[in-house]
Each structure stands twice: as C-alpha cells, then as structure tokens.
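Asks: Hey, dropping target.cif in here, mmCIF, C-alpha atoms:
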```cif
data_start
loop_
_atom_site.label_atom_id
_atom_site.label_comp_id
_atom_site.auth_asym_id
_atom_site.auth_seq_id
_atom_site.Cartn_x
_atom_site.Cartn_y
_atom_site.Cartn_z
CA MET K 1 76.79 79.76 169.48
CA ARG K 2 73.68 81.82 168.87
CA ASN K 3 72.61 84.79 170.93
CA ARG K 4 69.00 85.69 171.70
CA GLY K 5 68.70 87.72 168.53
CA GLY K 6 69.55 84.64 166.43
CA GLU K 7 72.98 85.90 165.35
CA THR K 8 75.95 83.58 165.70
CA ASP K 9 79.00 84.78 167.57
CA GLY K 10 81.03 83.99 164.45
CA SER K 11 78.82 86.29 162.37
CA ARG K 12 79.40 89.16 164.75
CA GLU K 13 83.14 88.52 164.87
CA ARG K 14 83.39 88.48 161.07
CA ALA K 15 81.34 91.68 160.86
CA ALA K 16 83.53 93.40 163.44
CA ALA K 17 86.69 92.36 161.60
CA ALA K 18 85.29 93.54 158.24
CA ALA K 19 84.33 96.94 159.64
CA ASN K 20 87.90 98.17 159.28
CA GLU K 21 88.51 96.73 155.82
CA PRO K 22 86.94 97.96 152.55
CA PRO K 23 85.54 95.06 150.50
CA THR K 24 87.63 93.87 147.59
CA SER K 25 84.57 93.06 145.46
CA ARG K 26 84.22 96.64 144.18
CA LEU K 27 86.40 99.42 142.81
CA PRO K 28 88.28 101.49 145.40
CA LEU K 29 86.99 104.97 146.17
CA ILE K 30 88.91 108.20 145.73
CA ARG K 31 89.73 110.11 148.90
CA GLY K 32 88.62 113.52 147.67
CA LEU K 33 86.71 114.82 150.69
CA THR K 34 88.76 117.38 152.63
CA LEU K 35 88.09 118.67 156.12
CA LEU K 36 86.23 121.69 154.72
CA GLY K 37 84.15 119.44 152.50
CA THR K 38 83.37 117.16 155.44
CA VAL K 39 82.24 120.09 157.58
CA ALA K 40 80.12 121.36 154.68
CA LEU K 41 78.48 117.95 154.35
CA VAL K 42 77.56 117.80 158.04
CA VAL K 43 76.38 121.42 158.18
CA GLY K 44 74.48 121.19 154.89
CA ASN K 45 72.60 118.09 156.01
CA MET K 46 71.74 119.71 159.36
CA VAL K 47 71.05 123.35 158.52
CA GLY K 48 68.47 122.71 155.82
CA THR K 49 65.08 124.13 155.01
CA SER K 50 63.62 123.19 158.42
CA ILE K 51 65.57 125.96 160.16
CA TYR K 52 63.59 128.54 158.17
CA THR K 53 60.19 127.36 159.43
CA LEU K 54 61.05 125.70 162.76
CA PRO K 55 60.81 128.93 164.84
CA ALA K 56 57.11 129.16 163.97
CA SER K 57 56.44 125.56 165.03
CA LEU K 58 58.32 126.06 168.30
CA ALA K 59 56.52 129.31 169.02
CA ASP K 60 53.20 127.55 168.56
CA VAL K 61 54.11 124.55 170.74
CA ALA K 62 56.20 126.13 173.51
CA GLY K 63 56.48 129.89 173.02
CA PRO K 64 59.82 131.48 174.00
CA PHE K 65 60.43 128.38 176.12
CA GLY K 66 61.47 126.83 172.81
CA LEU K 67 64.89 128.41 173.43
CA VAL K 68 65.34 125.99 176.33
CA ALA K 69 64.42 123.14 174.00
CA TRP K 70 67.22 124.22 171.67
CA LEU K 71 69.76 124.21 174.52
CA PHE K 72 68.46 120.92 175.92
CA THR K 73 68.60 119.14 172.55
CA ALA K 74 71.93 120.69 171.55
CA THR K 75 73.48 119.39 174.78
CA GLY K 76 72.18 115.90 174.09
CA TYR K 77 73.43 115.93 170.53
CA LEU K 78 76.89 116.96 171.68
CA PHE K 79 77.23 113.43 173.05
CA VAL K 80 75.73 111.95 169.88
CA ALA K 81 78.34 113.85 167.86
CA LEU K 82 81.10 112.55 170.13
CA VAL K 83 79.87 108.98 169.61
CA TYR K 84 79.89 109.32 165.82
CA ALA K 85 83.27 111.06 165.89
CA ARG K 86 84.74 108.16 167.87
CA LEU K 87 83.07 105.39 165.87
CA GLY K 88 83.91 107.00 162.54
CA THR K 89 87.56 107.12 163.54
CA ARG K 90 87.55 103.53 164.79
CA TYR K 91 85.67 102.10 161.77
CA PRO K 92 86.52 104.33 158.78
CA ARG K 93 84.51 102.36 156.24
CA THR K 94 81.78 103.66 153.92
CA GLY K 95 78.34 103.13 155.40
CA GLY K 96 78.59 104.82 158.79
CA PRO K 97 75.69 103.62 160.97
CA TYR K 98 75.39 100.36 159.02
CA VAL K 99 79.05 99.56 159.66
CA PHE K 100 78.75 100.30 163.37
CA ALA K 101 75.54 98.30 163.84
CA ARG K 102 76.90 95.28 161.95
CA ALA K 103 80.21 95.34 163.83
CA ALA K 104 78.40 95.40 167.17
CA PHE K 105 75.39 93.16 166.57
CA GLY K 106 75.90 91.20 163.34
CA ASP K 107 74.40 90.99 159.87
CA PHE K 108 70.73 91.24 160.80
CA ALA K 109 71.19 94.46 162.76
CA GLY K 110 73.28 95.79 159.88
CA PHE K 111 70.50 94.96 157.41
CA ILE K 112 67.81 96.64 159.51
CA THR K 113 69.99 99.73 159.88
CA VAL K 114 70.90 100.10 156.21
CA TRP K 115 67.34 99.36 155.03
CA SER K 116 65.78 101.91 157.41
CA TYR K 117 68.37 104.57 156.68
CA TRP K 118 68.28 104.09 152.92
CA VAL K 119 64.48 104.12 152.63
CA SER K 120 64.11 107.17 154.87
CA THR K 121 66.79 108.99 152.89
CA VAL K 122 65.28 108.23 149.50
CA VAL K 123 61.78 109.18 150.63
CA GLY K 124 63.09 112.23 152.48
CA ASN K 125 64.76 113.53 149.33
CA ALA K 126 61.31 113.81 147.73
CA ALA K 127 60.24 116.10 150.57
CA ILE K 128 63.46 118.12 150.35
CA VAL K 129 63.15 118.77 146.63
CA THR K 130 59.50 119.75 147.11
CA GLY K 131 60.64 122.36 149.62
CA ALA K 132 63.36 123.59 147.27
CA VAL K 133 60.88 124.03 144.42
CA GLY K 134 58.51 125.80 146.82
CA TYR K 135 61.15 128.41 147.63
CA LEU K 136 62.01 128.84 143.95
CA VAL K 137 58.34 129.49 143.15
CA GLY K 138 58.61 132.59 145.35
CA PHE K 139 61.11 134.04 142.87
CA PHE K 140 59.40 132.68 139.73
CA PRO K 141 55.64 133.21 140.27
CA ALA K 142 54.81 131.73 136.85
CA LEU K 143 55.61 128.29 138.29
CA GLU K 144 52.89 128.59 140.92
CA GLN K 145 50.14 127.71 138.44
CA ASN K 146 52.31 125.37 136.38
CA ALA K 147 52.35 121.92 137.98
CA ALA K 148 54.20 120.40 135.03
CA GLY K 149 56.89 123.06 135.30
CA ARG K 150 57.34 122.43 139.03
CA PHE K 151 57.56 118.69 138.43
CA ALA K 152 60.13 119.16 135.65
CA LEU K 153 62.19 121.46 137.88
CA ALA K 154 62.10 118.94 140.73
CA GLN K 155 63.22 116.14 138.41
CA ALA K 156 66.01 118.30 137.01
CA LEU K 157 67.31 119.07 140.50
CA ILE K 158 67.20 115.46 141.67
CA TRP K 159 68.75 113.89 138.58
CA GLY K 160 71.28 116.67 138.11
CA LEU K 161 72.59 116.19 141.65
CA CYS K 162 72.44 112.41 141.26
CA ILE K 163 74.71 112.64 138.20
CA LEU K 164 77.02 114.97 140.11
CA ASN K 165 77.36 112.46 142.96
CA VAL K 166 77.78 109.52 140.61
CA ARG K 167 80.71 111.26 138.96
CA GLY K 168 82.61 111.68 142.20
CA ILE K 169 82.95 113.13 145.67
CA ARG K 170 85.10 116.10 144.68
CA GLN K 171 82.39 117.76 142.56
CA SER K 172 79.77 117.09 145.21
CA ALA K 173 82.01 118.56 147.91
CA ARG K 174 82.64 121.73 145.87
CA VAL K 175 78.91 122.28 145.45
CA GLN K 176 78.30 121.52 149.13
CA THR K 177 80.97 123.96 150.29
CA THR K 178 79.72 126.75 148.04
CA VAL K 179 76.14 126.23 149.15
CA MET K 180 77.17 126.18 152.82
CA PHE K 181 78.59 129.69 152.56
CA LEU K 182 75.61 130.93 150.52
CA ASN K 183 73.37 129.64 153.29
CA LEU K 184 75.28 130.45 156.47
CA VAL K 185 76.82 133.85 155.72
CA PRO K 186 73.60 135.77 155.02
CA LEU K 187 71.67 133.80 157.65
CA GLY K 188 74.28 134.45 160.33
CA LEU K 189 74.82 138.13 159.49
CA LEU K 190 71.12 138.93 159.35
CA ALA K 191 70.57 137.08 162.63
CA ILE K 192 73.25 139.25 164.26
CA PHE K 193 71.67 142.43 162.84
CA THR K 194 68.25 141.22 164.02
CA LEU K 195 69.57 140.89 167.58
CA ARG K 196 69.79 144.70 167.66
CA ARG K 197 65.98 144.73 167.89
CA PHE K 198 65.95 142.25 170.76
CA ASP K 199 63.24 143.11 173.30
CA LEU K 200 62.85 141.15 176.53
CA ALA K 201 59.13 141.89 176.47
CA ASN K 202 58.82 139.47 173.55
CA LEU K 203 59.91 136.64 175.86
CA HIS K 204 56.93 137.09 178.20
CA PRO K 205 55.17 134.90 179.02
CA PHE K 206 58.20 132.66 178.74
CA ALA K 207 56.38 129.32 178.97
CA PRO K 208 52.76 129.96 177.94
CA HIS K 209 52.03 126.24 177.59
CA GLY K 210 53.83 125.21 180.78
CA TYR K 211 57.19 123.59 181.31
CA GLY K 212 55.79 120.27 180.15
CA SER K 213 55.95 121.62 176.59
CA LEU K 214 59.68 120.93 176.64
CA ALA K 215 59.16 117.38 175.38
CA ALA K 216 57.12 118.43 172.34
CA ALA K 217 59.50 121.28 171.54
CA ALA K 218 62.59 119.08 171.86
CA ALA K 219 60.99 116.54 169.51
CA LEU K 220 60.76 119.27 166.87
CA VAL K 221 64.36 120.38 167.41
CA VAL K 222 65.67 116.82 167.09
CA TRP K 223 64.66 116.92 163.41
CA ALA K 224 67.15 119.76 162.84
CA TYR K 225 70.02 117.53 163.99
CA SER K 226 69.37 114.84 161.40
CA GLY K 227 72.65 114.49 159.55
CA ILE K 228 75.02 114.71 162.50
CA GLU K 229 76.39 111.32 161.36
CA SER K 230 77.11 112.52 157.81
CA ALA K 231 80.90 112.54 158.05
CA THR K 232 80.96 108.82 158.85
CA VAL K 233 78.95 107.68 155.81
CA PRO K 234 81.47 108.41 152.99
CA ALA K 235 84.40 107.37 155.21
CA GLU K 236 86.45 105.75 152.42
CA GLU K 237 86.35 109.01 150.45
CA VAL K 238 87.56 111.17 153.33
CA GLN K 239 91.16 112.33 153.36
CA ALA K 240 93.03 111.25 156.53
CA PRO K 241 89.82 109.73 157.93
CA GLU K 242 91.21 109.10 161.42
CA ARG K 243 91.49 112.86 161.87
CA THR K 244 89.02 114.34 159.40
CA ILE K 245 85.93 112.37 160.40
CA ARG K 246 86.39 113.33 164.04
CA LEU K 247 87.07 117.00 163.36
CA GLY K 248 84.48 117.26 160.60
CA THR K 249 81.77 115.87 162.86
CA MET K 250 82.59 118.09 165.82
CA LEU K 251 83.15 121.26 163.77
CA GLY K 252 79.96 120.60 161.82
CA TYR K 253 78.08 120.19 165.09
CA ALA K 254 79.58 123.41 166.45
CA VAL K 255 78.81 125.48 163.33
CA GLY K 256 75.29 124.10 162.98
CA THR K 257 74.47 124.58 166.66
CA THR K 258 75.79 128.16 166.63
CA ILE K 259 73.55 129.04 163.69
CA PHE K 260 70.56 127.28 165.29
CA LEU K 261 70.91 129.11 168.60
CA LEU K 262 71.72 132.47 167.01
CA THR K 263 68.69 132.47 164.71
CA ALA K 264 66.38 131.09 167.41
CA LEU K 265 67.40 133.85 169.83
CA ALA K 266 67.16 136.56 167.17
CA VAL K 267 63.65 135.56 166.07
CA ALA K 268 62.26 135.00 169.57
CA GLY K 269 63.61 138.32 170.84
CA SER K 270 62.67 140.54 167.92
CA LEU K 271 59.01 139.58 167.35
CA PRO K 272 56.02 138.80 169.57
CA ASN K 273 55.43 135.08 169.98
CA ALA K 274 51.98 135.23 168.34
CA THR K 275 53.48 136.87 165.26
CA ILE K 276 56.17 134.18 164.97
CA ALA K 277 53.68 131.34 165.45
CA GLY K 278 51.43 132.70 162.71
CA SER K 279 54.15 133.18 160.09
CA ALA K 280 55.16 130.76 157.33
CA ARG K 281 58.53 132.56 157.06
CA PRO K 282 59.50 133.65 160.59
CA ILE K 283 63.22 134.24 159.97
CA ALA K 284 62.53 136.36 156.89
CA LEU K 285 59.87 138.28 158.82
CA ALA K 286 62.26 138.99 161.70
CA ALA K 287 64.98 140.11 159.29
CA GLU K 288 62.58 142.42 157.46
CA HIS K 289 61.43 143.87 160.78
CA ALA K 290 64.98 144.53 161.97
CA VAL K 291 66.85 145.42 158.76
CA GLY K 292 64.40 146.22 155.97
CA PRO K 293 62.30 144.67 153.21
CA TRP K 294 65.35 143.62 151.20
CA ALA K 295 66.44 141.28 154.00
CA GLY K 296 63.48 139.00 153.32
CA ALA K 297 64.66 138.46 149.75
CA VAL K 298 68.17 137.65 150.99
CA ILE K 299 66.76 135.10 153.43
CA GLY K 300 64.77 133.62 150.54
CA VAL K 301 67.96 133.12 148.52
CA ALA K 302 69.70 131.60 151.55
CA ALA K 303 66.74 129.23 152.01
CA ILE K 304 67.07 128.07 148.39
CA ALA K 305 70.78 127.49 148.95
CA ALA K 306 69.98 125.54 152.11
CA ALA K 307 67.49 123.37 150.24
CA LEU K 308 69.97 122.62 147.45
CA GLY K 309 72.74 121.83 149.93
CA THR K 310 70.49 119.51 151.91
CA LEU K 311 69.30 117.78 148.75
CA ASN K 312 72.85 117.34 147.46
CA GLY K 313 74.06 116.02 150.82
CA TRP K 314 71.25 113.53 151.28
CA ILE K 315 71.52 112.29 147.70
CA LEU K 316 75.15 111.52 148.52
CA MET K 317 73.99 109.73 151.69
CA ALA K 318 71.47 107.68 149.70
CA GLY K 319 74.22 106.44 147.41
CA ARG K 320 76.87 105.77 150.05
CA ILE K 321 74.94 104.21 152.92
CA PRO K 322 74.15 100.94 151.03
CA LEU K 323 77.51 100.66 149.28
CA SER K 324 79.36 98.49 151.80
CA ALA K 325 76.22 96.59 152.77
CA ALA K 326 75.65 95.60 149.15
CA ALA K 327 79.29 94.54 148.76
CA ASP K 328 78.97 92.49 151.97
CA GLY K 329 75.96 90.66 150.56
CA VAL K 330 73.66 92.18 153.19
CA PHE K 331 71.81 94.48 150.77
CA PHE K 332 70.91 94.68 147.06
CA ARG K 333 74.05 93.73 145.09
CA PRO K 334 73.63 96.31 142.27
CA LEU K 335 73.98 99.12 144.84
CA ALA K 336 77.64 98.13 145.32
CA ALA K 337 78.51 99.38 141.82
CA VAL K 338 81.03 102.22 141.62
CA HIS K 339 81.36 104.53 138.61
CA PRO K 340 84.41 103.36 136.65
CA ALA K 341 85.76 106.86 136.05
CA PRO K 342 85.13 109.04 139.11
CA LEU K 343 86.61 112.52 139.00
#
```
Let me see whether you can do it: turn the structure in this file into structure tokens.
Replies:
Amino acid sequence: MRNRGGETDGSRERAAAAANEPPTSRLPLIRGLTLLGTVALVVGNMVGTSIYTLPASLADVAGPFGLVAWLFTATGYLFVALVYARLGTRYPRTGGPYVFARAAFGDFAGFITVWSYWVSTVVGNAAIVTGAVGYLVGFFPALEQNAAGRFALAQALIWGLCILNVRGIRQSARVQTTVMFLNLVPLGLLAIFTLRRFDLANLHPFAPHGYGSLAAAAALVVWAYSGIESATVPAEEVQAPERTIRLGTMLGYAVGTTIFLLTALAVAGSLPNATIAGSARPIALAAEHAVGPWAGAVIGVAAIAAALGTLNGWILMAGRIPLSAAADGVFFRPLAAVHPAPL
C-alpha cells in the first residue's frame, strides 16, 4: 500500500528495521568516541565563530531585549536536545537525522534529509574556514594583502582536517576536546570577569525596537544552536551509544547554553547597546573594557580555536551523515567507503 507521499508501507517498515542495524556492505567502524569527545563534538559545533559576533547583531536588531531571545530559544532547544537524545539512543546508527527520517517516513524522506544536510554542511564549511582565516589574519597582518596566502591557508586547514577525520574518530576527538578547552576556558573566565563591570543603565531602554523584535532576534540565536544533533551522527563510533549519545547531547546543550547566556549577559551589561551594535568584535571589546587590552588578544586566540573546532566538527559531520545513506543505496555509493586502516 502506498501513502500520500508515494512511499510504500513496506519501504517504511524496512527502513525502520534497518535503523537499528549497521549495513554489512561496508567495513565496521571503531567505537573511539568517549563521552568527553561526544560533548566536545556537540559544544564545538555549537559554540563556533558566530558567538563572537552575534552580540552585535542582536544589539542592532533587539537591543538588550536580545537576552530574552537567548532564554526563549534556549528553552525551545532544550526540547530539541531531548528529542535527539532519545532518538539517538533508540536508533544508534551513523547518520543521525537521515536515519530518523528514513525510519519514520521511508527512503524518499531519508534522501531529502541526507541531501539537504550534506550540501549545507559542505557549503557551510567554506564559510567556516573563511572565518577562521579572517581571525588568523588579525595575528598575521602580512596575509591581509596576500590573497594567495589566505587561499593556501584555507586549503591547508580544510584538507588537513579532512585527512585527520579520514584516519579515524580518535584523532578527531582529541583535537576537538583540546580545542573545546582552548575556546571555553578563556571565554568563560573573561565573561565572568566582565560581569564585574555590569551596569543596569546599559540595559535601558530594554526593548528599543519593541517586543515584536523577539522573532528577529530569536531567528539569529537559532543559528548558534546548529549542531545540537551532532552526537547522533557518528553513532556507530560512540562508545556505549545507548548512554553516551544521550548524555553527550544533554551535557553539550548545557555547556553551550551556559556559555551563550554568560557571554550575552556580560556583553549587554558592560557596554552601551550602541557600542555593541557598532562593533565587529563585541566580546573582545567588552573584555578589553573590563579587564584590559590583553584580554582582546586572548579572545582572539579563543575565536581561532572556536573556528578550528567548528571546522573540524563539521568536516566530521560531512563525512558521516551520508555514510549509512550511501550504504543503503539512498545516496552516492562512493560515500559509503571507509578507510581500511582507521586509527
């Protein structure tokens, strides 16, 4: 029997049954992703370069009312995180959203999901590496006038991390964990120090563009939560997936949300809204204002770490999301290939 979408009931039943079983047409994957590595993957894919510029965009669109947008969106994404934590535990197969869509709605829905996710990830990585090179230019001014040098650096970053992820999940997880601490520790500490300069006067007027600006502000914040599903994508490489995917997703959400809210509050309370809205580096500016000029350089290093972590994490996503789909015959077959000697 066919449903209105054209899928047969048998197709959906076969897809649902296959969602719990890795395909036998490719090499098995090594379960090298620990709980810490899983949390680092989720956090790294969420707390990327956007967090360093987002306060300026929110200040321009909503003013201090952007803090409400953070709380509103974070509450909504708590339920999104719970959904992925539950589905990842129920269907612990590489591919995450593809696996869930195919199990529920059949092959066509699975194809649309994997195609959309894969294309957006591959294209998005170009934007991420551009941001990473942009931050590096701040420390190496000679690159600013050297387009060939910037292009070569971008290619080196992309292909270097591609090779790392081809070789295996353990190396990628080590890099991701290291980068997470290089990003979060200075960002979190400087945000706490910046809160010492918190001034309620900076929150007035609280909603200069009216309460209707919540929708536009929330739309900006949603971008920061891209990657909440990350623990479900490399499911067959996760140790004790029934436990680790669930905990990794929820802990990653908690850590990312804490950093988001802490930095948003610190920036909004330490600087006038007009100053934030007009800055290309609002977090660095707030840290310099509260702590000293050296804090801006520390934030710059943390931003580079964030860019590298995001790039590494999304390169891993780009390789894993089509893996099961290709093995199932739903996507390009060559993308089901697994390196014969992963480490």
Asks: Fewer than 3 positions away in the same chain doesn't count, so skip those; otherwise give me all residues within 10 Å of Ala306 of chain K, counting all atoms listed in the file, as a PyMOL selection string.
Replies: chain K and resi 43-52+132+176+179-184+300-303+309-312
Asks: Quick one: residues within 10 Å of Arg333 of chain K, all atoms listed in the file counted, chain neighbours fewer than 6 positions away excluded, as a list in words?
Replies: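 Answer for this query is Pro322, Leu323, Ser324, Ala325, Ala326 and Ala327 of chain K.
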Asks: Please determine, counting all atoms listed in the file, which residue among K:Ala154, K:Ala59, K:Val68, K:Ala219 has the shortest atom-to-atom distance to Tyr135 of chain K.
Replies: K:Ala154
Asks: Under the PyMOL selection byres ((chain K and resi 81-89) around 10), which residues of this model are included? Write them out as a VMD selection string.
Replies: chain K and resid 20 76 to 80 90 to 97 99 to 100 225 228 to 235 240 to 254
Asks: Suppose you want the space between atom CA of Trp70 of chain K and atom CA of Ala264 of chain K; what is it in Å?
Replies: 8.1 Å
Asks: Between K:Thr178, K:Ala152, K:Ala69, K:Val119, which has the minimum distance to Ala305 of chain K (counting all atoms listed in the file)?
Replies: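 Under the stated criterion, the closest residue is K:Thr178.
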Asks: Which polymer residues have any atom within 12 Å of an atom of Asn202 of chain K, counting all atoms listed in the file, with same-chain residues fewer than 3 positions away left out, as a list in words?
Replies: Ala59, Gly63, Pro64, Phe65, Arg197, Phe198, Asp199, Pro205, Phe206, Ala207, Leu265, Ala266, Val267, Ala268, Gly269, Ser270, Leu271, Pro272, Asn273, Ala274, Thr275 and Ile276 of chain K
Asks: Can you list, as a PyMOL selection string, every protein, DNA or RNA residue that comes within 12 Å of Ile112 of chain K when you count all atoms listed in the file, leaving out same-chain residues fewer than 2 positions away?
Replies: chain K and resi 97-99+101-102+105-110+114-119+322+325+330-331
Asks: Interatomic distance between atom CA of Thr177 of chain K and atom CA of Leu190 of chain K?
Replies: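 Going from atom CA of Thr177 of chain K over to atom CA of Leu190 of chain K covers 20.1 Å.
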Asks: When you count only C-alpha atoms, which of these residues is closest to Ala290 of chain K: K:Ile192, K:Ala104, K:Thr130, K:Ala173?
Replies: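 Closest residue, counting only C-alpha atoms: K:Ile192.
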Asks: Just how far from atom CA of Glu237 of chain K is atom CA of Leu157 of chain K, in Å to one decimal?
Replies: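 These atoms are spaced 23.7 Å apart.
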Asks: Nearest to Pro186 of chain K: which of K:Gln145, K:Gln239, K:Thr263, K:Asn165 is it, counting all atoms listed in the file?
Replies: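 Answer, going by the shortest atom-to-atom distance: K:Thr263.
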Asks: Which is closest to Ser226 of chain K among K:Val42, K:Val255, K:Ala127, K:Ile304, if we use only C-alpha atoms?
Replies: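 Using only C-alpha atoms, Ser226 of chain K sits closest to K:Val42.
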Asks: Given the file shown, enumerate the residues that the PyMOL selection byres ((chain K and resi 168) around 12) captures and present them as JSON, numbers by chain.
Replies: {"K": [29, 30, 31, 32, 33, 161, 162, 163, 164, 165, 166, 167, 169, 170, 171, 172, 173, 174, 175, 234, 237, 316, 319, 320, 338, 339, 340, 341, 342, 343]}
Asks: List the spatial neighbours of Val291 of chain K as a list of chain:residue names - criterion: any atom at most 8 Å away, only C-alpha atoms, same-chain residues fewer than 3 positions off excluded.
Replies: K:Leu190, K:Phe193, K:Thr194, K:Ala287, K:Glu288, K:Trp294, K:Ala295
Asks: Find the residue from K:Val137, K:Ile321, K:Leu41, K:Leu220 that sits nearest to Glu236 of chain K; use all atoms listed in the file when measuring.
Replies: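 Closest residue, counting all atoms listed in the file: K:Ile321.
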Asks: May I have the residues at most 9 Å from (58.3, 126.2, 160.8) in the file's coordinates, counting only C-alpha atoms, as a PDB file with C-alpha atoms, keeping the file's coordinate frame?
Replies:
```pdb
ATOM      1  CA  SER K  50      63.620 123.190 158.420  1.00  0.00           C
ATOM      2  CA  ILE K  51      65.570 125.960 160.160  1.00  0.00           C
ATOM      3  CA  TYR K  52      63.590 128.540 158.170  1.00  0.00           C
ATOM      4  CA  THR K  53      60.190 127.360 159.430  1.00  0.00           C
ATOM      5  CA  LEU K  54      61.050 125.700 162.760  1.00  0.00           C
ATOM      6  CA  PRO K  55      60.810 128.930 164.840  1.00  0.00           C
ATOM      7  CA  ALA K  56      57.110 129.160 163.970  1.00  0.00           C
ATOM      8  CA  SER K  57      56.440 125.560 165.030  1.00  0.00           C
ATOM      9  CA  LEU K  58      58.320 126.060 168.300  1.00  0.00           C
ATOM     10  CA  ALA K  59      56.520 129.310 169.020  1.00  0.00           C
ATOM     11  CA  ALA K 277      53.680 131.340 165.450  1.00  0.00           C
ATOM     12  CA  SER K 279      54.150 133.180 160.090  1.00  0.00           C
ATOM     13  CA  ALA K 280      55.160 130.760 157.330  1.00  0.00           C
ATOM     14  CA  ARG K 281      58.530 132.560 157.060  1.00  0.00           C
ATOM     15  CA  PRO K 282      59.500 133.650 160.590  1.00  0.00           C
TER      16      PRO K 282
END
```
Asks: Write out as AutoDock Vina command-line options an axis-aligned box for segment 275-285 of chain K: all of its atoms listed in the file, 4 Å added on each side, centre and edge lengths in Å with one decimal.
Replies:
```
--center_x 57.3 --center_y 134.5 --center_z 161.2 --size_x 19.8 --size_y 15.5 --size_z 16.6
```
Asks: Output segment 112-130 of chain K with N, CA, C and O atoms present, as an mmCIF file, keeping the file's coordinate frame.
Replies:
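Output saved as part-v6.cif:
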```cif
data_model
loop_
_atom_site.group_PDB
_atom_site.id
_atom_site.type_symbol
_atom_site.label_atom_id
_atom_site.label_comp_id
_atom_site.auth_asym_id
_atom_site.auth_seq_id
_atom_site.Cartn_x
_atom_site.Cartn_y
_atom_site.Cartn_z
ATOM 1 N N ILE K 112 68.891 95.770 159.039
ATOM 2 C CA ILE K 112 67.810 96.640 159.510
ATOM 3 C C ILE K 112 68.246 98.101 159.469
ATOM 4 O O ILE K 112 67.489 98.998 159.062
ATOM 5 N N THR K 113 69.478 98.361 159.862
ATOM 6 C CA THR K 113 69.990 99.730 159.880
ATOM 7 C C THR K 113 70.094 100.306 158.475
ATOM 8 O O THR K 113 69.621 101.419 158.209
ATOM 9 N N VAL K 114 70.709 99.562 157.548
ATOM 10 C CA VAL K 114 70.900 100.100 156.210
ATOM 11 C C VAL K 114 69.559 100.237 155.475
ATOM 12 O O VAL K 114 69.334 101.203 154.739
ATOM 13 N N TRP K 115 68.652 99.276 155.683
ATOM 14 C CA TRP K 115 67.340 99.360 155.030
ATOM 15 C C TRP K 115 66.576 100.579 155.526
ATOM 16 O O TRP K 115 66.041 101.368 154.733
ATOM 17 N N SER K 116 66.513 100.782 156.842
ATOM 18 C CA SER K 116 65.780 101.910 157.410
ATOM 19 C C SER K 116 66.375 103.234 156.976
ATOM 20 O O SER K 116 65.653 104.159 156.591
ATOM 21 N N TYR K 117 67.696 103.318 157.028
ATOM 22 C CA TYR K 117 68.370 104.570 156.680
ATOM 23 C C TYR K 117 68.188 104.877 155.203
ATOM 24 O O TYR K 117 67.878 106.010 154.826
ATOM 25 N N TRP K 118 68.356 103.874 154.364
ATOM 26 C CA TRP K 118 68.280 104.090 152.920
ATOM 27 C C TRP K 118 66.872 104.494 152.504
ATOM 28 O O TRP K 118 66.693 105.449 151.744
ATOM 29 N N VAL K 119 65.862 103.789 152.992
ATOM 30 C CA VAL K 119 64.480 104.120 152.630
ATOM 31 C C VAL K 119 64.105 105.512 153.112
ATOM 32 O O VAL K 119 63.516 106.314 152.370
ATOM 33 N N SER K 120 64.442 105.847 154.343
ATOM 34 C CA SER K 120 64.110 107.170 154.870
ATOM 35 C C SER K 120 64.824 108.275 154.098
ATOM 36 O O SER K 120 64.263 109.358 153.882
ATOM 37 N N THR K 121 66.042 107.991 153.660
ATOM 38 C CA THR K 121 66.790 108.990 152.890
ATOM 39 C C THR K 121 66.177 109.204 151.511
ATOM 40 O O THR K 121 65.993 110.348 151.074
ATOM 41 N N VAL K 122 65.865 108.123 150.833
ATOM 42 C CA VAL K 122 65.280 108.230 149.500
ATOM 43 C C VAL K 122 63.929 108.935 149.544
ATOM 44 O O VAL K 122 63.649 109.847 148.757
ATOM 45 N N VAL K 123 63.086 108.540 150.486
ATOM 46 C CA VAL K 123 61.780 109.180 150.630
ATOM 47 C C VAL K 123 61.935 110.635 151.070
ATOM 48 O O VAL K 123 61.237 111.536 150.583
ATOM 49 N N GLY K 124 62.856 110.869 151.997
ATOM 50 C CA GLY K 124 63.090 112.230 152.480
ATOM 51 C C GLY K 124 63.539 113.175 151.391
ATOM 52 O O GLY K 124 63.210 114.370 151.414
ATOM 53 N N ASN K 125 64.301 112.670 150.416
ATOM 54 C CA ASN K 125 64.760 113.530 149.330
ATOM 55 C C ASN K 125 63.594 114.076 148.513
ATOM 56 O O ASN K 125 63.677 115.180 147.957
ATOM 57 N N ALA K 126 62.500 113.315 148.421
ATOM 58 C CA ALA K 126 61.310 113.810 147.730
ATOM 59 C C ALA K 126 60.741 115.019 148.458
ATOM 60 O O ALA K 126 60.328 116.010 147.827
ATOM 61 N N ALA K 127 60.724 114.968 149.782
ATOM 62 C CA ALA K 127 60.240 116.100 150.570
ATOM 63 C C ALA K 127 61.179 117.297 150.456
ATOM 64 O O ALA K 127 60.734 118.452 150.365
ATOM 65 N N ILE K 128 62.480 117.031 150.437
ATOM 66 C CA ILE K 128 63.460 118.120 150.350
ATOM 67 C C ILE K 128 63.348 118.861 149.024
ATOM 68 O O ILE K 128 63.336 120.094 148.976
ATOM 69 N N VAL K 129 63.235 118.111 147.932
ATOM 70 C CA VAL K 129 63.150 118.770 146.630
ATOM 71 C C VAL K 129 61.829 119.515 146.485
ATOM 72 O O VAL K 129 61.759 120.565 145.818
ATOM 73 N N THR K 130 60.771 119.025 147.117
ATOM 74 C CA THR K 130 59.500 119.750 147.110
ATOM 75 C C THR K 130 59.651 121.098 147.803
ATOM 76 O O THR K 130 59.142 122.121 147.324
#
```
